[in-house]
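J.: Handing you this structure, nothing more for now.
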Amino acid sequence: MISIYKIKPRFQQLLMPQLKLLKRLGISPNSITFFSILLSFGIAYFFWNTSDNSSYFLIVAFGLLLRMMLNALDGMMARIYNLQSKLGEVLNEVGDIVSDVAIYFPLIIFESLRIEIAIIFILLSIINEFCGLMAKVISGERRYDGPMGKSDRAFLIGIICIVYYFTNGLDPYMNYIIGGSSIMIILSSYVRLTKSIKNGKNNK
């Protein structure tokens, strides 16, 4: 399935200098995760207030890119420097869900988007992450299959924000964009569960 997640290895390679710097500064993976959660609420604030200042759209887009970097860095640091912990895993999983809800919640006030579609998108995003986590319970492997996984959703909203900074031309299409994305999230959740069940049977 097509997903931004497939370019993760190359993305991680680009982040190696930043990872080494953070390690020299003594910053822990959990600190990075916690900062990412705080950043998400900052992104949500600017996203909520984009009607007051269109430049906030660019702040949201940049914030989403920064969040993607932090989400990659905490896992890289934990794995490469053998700093994994149960607390870190819980903080990462719960933090991702809380952060996604915070970031996408402002979609409910978009005049060009029906509130029902916005709420469905948010709820399905939660279910999608839950399916990825359930995969680890079933097969022992956390799954991130797309389409429209966590990184894909962040990329989509980032692109939407960049377009809205320049024009309102997306207004007639927002219901279709977010509605279509919701369908892809359902597909992603189905893929995650079916693959985990298959792998779980093969591991027995």
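Every chain in the structure tokens has a letter given in the order shown (A, B, ...), and although residue numbers restart at 1 in each chain, ligands are simply numbered from 1 in the order shown.
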Excluding range 164-166 of chain A and any residue of its chain fewer than 5 positions from it, enumerate the residues within 12 Å of it, using only C-alpha atoms, and give them as number ranges by chain.

T.: A: 47, 50-51, 53-61, 110, 112, 157-159, 171, 174

J.: Can you pull out the residues contacting Glu89 in chain A? Cut-off 10 Å, using only C-alpha atoms, and skip same-chain residues under 3 positions away; I want them as a list in words.

T.: Asn30, Thr33, Gly75, Ala78, Gln84, Ser85, Lys86, Asn92, Glu93, Val94 and Gly95 of chain A

J.: Please identify which residues in range 34-128 of chain A DSSP calls helix (DSSP H, G or I) from the backbone, and express them as a PyMOL selection string.

T.: chain A and resi 34-48+56-80+86-109+115-128

J.: Extract, using only C-alpha atoms, all DNA, RNA and protein residues at most 10 Å from Leu22 in chain A, discarding same-chain residues fewer than 5 positions from it, and format them as a list in words.

T.: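 The contact residues come out as Met16, Pro17, Ile27, Ser28, Pro29, Ile32, Leu73 and Met77 of chain A.
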
J.: When you draw a straight line from CA of Lys198 in chain A to CA of Ala135 in chain A, how long is it in Å?

T.: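 If I compute the distance from CA of Lys198 in chain A to CA of Ala135 in chain A, I get 10.2 Å.
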
J.: Which residue is closest to Pro9 in chain A? Choose from A:Leu91, A:Ala72, A:Leu193, A:Leu107 and count only C-alpha atoms.

T.: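 Using only C-alpha atoms, Pro9 in chain A sits closest to A:Ala72.
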
J.: Taking into account only C-alpha atoms, which residue in the set A:Gln12, A:Ser31, A:Ser189, A:Asn175 is nearest to Arg114 in chain A?

T.: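 Looking only at the distances to Arg114 in chain A, the closest residue turns out to be A:Asn175.
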
J.: Using only C-alpha atoms, determine which residues lie at most 10 Å from Val137 in chain A, disregarding the query and same-chain residues fewer than 5 positions distant; provide the list as a PDB file with N, CA and C atoms, in the first residue's frame.

T.:
```
ATOM      1  N   CYS A 131      -5.606  -0.223  15.853  1.00  0.00           N
ATOM      2  CA  CYS A 131      -5.401  -1.430  15.046  1.00  0.00           C
ATOM      3  C   CYS A 131      -3.920  -1.734  14.899  1.00  0.00           C
ATOM      4  N   GLY A 132      -3.109  -0.692  14.740  1.00  0.00           N
ATOM      5  CA  GLY A 132      -1.666  -0.897  14.662  1.00  0.00           C
ATOM      6  C   GLY A 132      -1.112  -1.458  15.950  1.00  0.00           C
ATOM      7  N   ARG A 142       4.310  -4.255  15.782  1.00  0.00           N
ATOM      8  CA  ARG A 142       3.510  -3.034  15.602  1.00  0.00           C
ATOM      9  C   ARG A 142       3.439  -2.719  14.117  1.00  0.00           C
ATOM     10  N   SER A 196      -1.709  -8.716  10.530  1.00  0.00           N
ATOM     11  CA  SER A 196      -1.274  -9.147  11.863  1.00  0.00           C
ATOM     12  C   SER A 196      -1.847 -10.526  12.195  1.00  0.00           C
ATOM     13  N   ILE A 197      -3.098 -10.766  11.803  1.00  0.00           N
ATOM     14  CA  ILE A 197      -3.710 -12.080  12.043  1.00  0.00           C
ATOM     15  C   ILE A 197      -2.976 -13.154  11.237  1.00  0.00           C
ATOM     16  N   GLY A 200       0.347 -13.689  12.818  1.00  0.00           N
ATOM     17  CA  GLY A 200       0.179 -14.362  14.093  1.00  0.00           C
ATOM     18  C   GLY A 200      -0.001 -15.863  13.921  1.00  0.00           C
TER      19      GLY A 200
END
```

J.: Hey, can you check how far CA of Gly88 in chain A sits from CA of Phe41 in chain A?

T.: 19.4 Å

J.: Taking only C-alpha atoms into account, which of A:Leu170, A:Ile43, A:Leu19, A:Ile186 comes nearest Leu113 in chain A?

T.: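 Result for the nearest residue to Leu113 in chain A: A:Leu170.
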
J.: Set the distance at 12 Å and use only C-alpha atoms: which residues neighbour Ser3 in chain A once local chain neighbours fewer than 3 positions away are removed? I'd like the list as a PDB file with C-alpha atoms, in the first residue's frame.

T.:
```pdb
ATOM      1  CA  LYS A   6       7.704   3.625   3.179  1.00  0.00           C
ATOM      2  CA  ILE A   7      10.288   6.433   2.958  1.00  0.00           C
ATOM      3  CA  LYS A   8      10.945   6.270   6.716  1.00  0.00           C
ATOM      4  CA  TYR A 144       2.079   1.110  10.393  1.00  0.00           C
ATOM      5  CA  ASP A 145       0.543   0.108   7.063  1.00  0.00           C
ATOM      6  CA  GLY A 146      -1.128   2.771   4.977  1.00  0.00           C
ATOM      7  CA  PRO A 147      -2.818   4.226   3.168  1.00  0.00           C
ATOM      8  CA  MET A 148      -3.520   7.234   5.397  1.00  0.00           C
ATOM      9  CA  GLY A 149      -1.529   6.128   8.425  1.00  0.00           C
ATOM     10  CA  LYS A 150      -0.232   8.644  10.956  1.00  0.00           C
ATOM     11  CA  SER A 151       2.456  10.109   8.702  1.00  0.00           C
ATOM     12  CA  ASP A 152       0.094  10.220   5.705  1.00  0.00           C
ATOM     13  CA  ARG A 153      -2.523  12.108   7.703  1.00  0.00           C
ATOM     14  CA  ALA A 154       0.038  14.635   8.887  1.00  0.00           C
ATOM     15  CA  PHE A 155       1.309  15.074   5.318  1.00  0.00           C
ATOM     16  CA  LEU A 156      -2.239  15.550   4.014  1.00  0.00           C
ATOM     17  CA  MET A 184      -8.504   5.112   3.136  1.00  0.00           C
ATOM     18  CA  ILE A 185      -8.077   5.030   6.930  1.00  0.00           C
ATOM     19  CA  SER A 188      -5.441   0.934   6.364  1.00  0.00           C
TER      20      SER A 188
END
```

J.: Which one of A:Ser36, A:Gln13, A:Thr167, A:Ser182 sits closest to Ser125 in chain A if you count only C-alpha atoms?

T.: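 Once distances to Ser125 in chain A are computed over only C-alpha atoms, the minimum belongs to A:Ser182.
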
J.: For each of A:Ile117, A:Asn199, A:Ile108, A:Asp96, take the minimum atom-to-atom distance to Ile138 in chain A, counting only C-alpha atoms, then give the residue where this is smallest.

T.: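 Between A:Ile117, A:Asn199, A:Ile108, A:Asp96, the residue approaching Ile138 in chain A most closely is A:Asn199.
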
J.: Can you work out the spacing between CA of Asn71 in chain A and CA of Pro106 in chain A in Å, to one decimal?

T.: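 Taking CA of Asn71 in chain A as the start and CA of Pro106 in chain A as the end point, the length is 21.4 Å.
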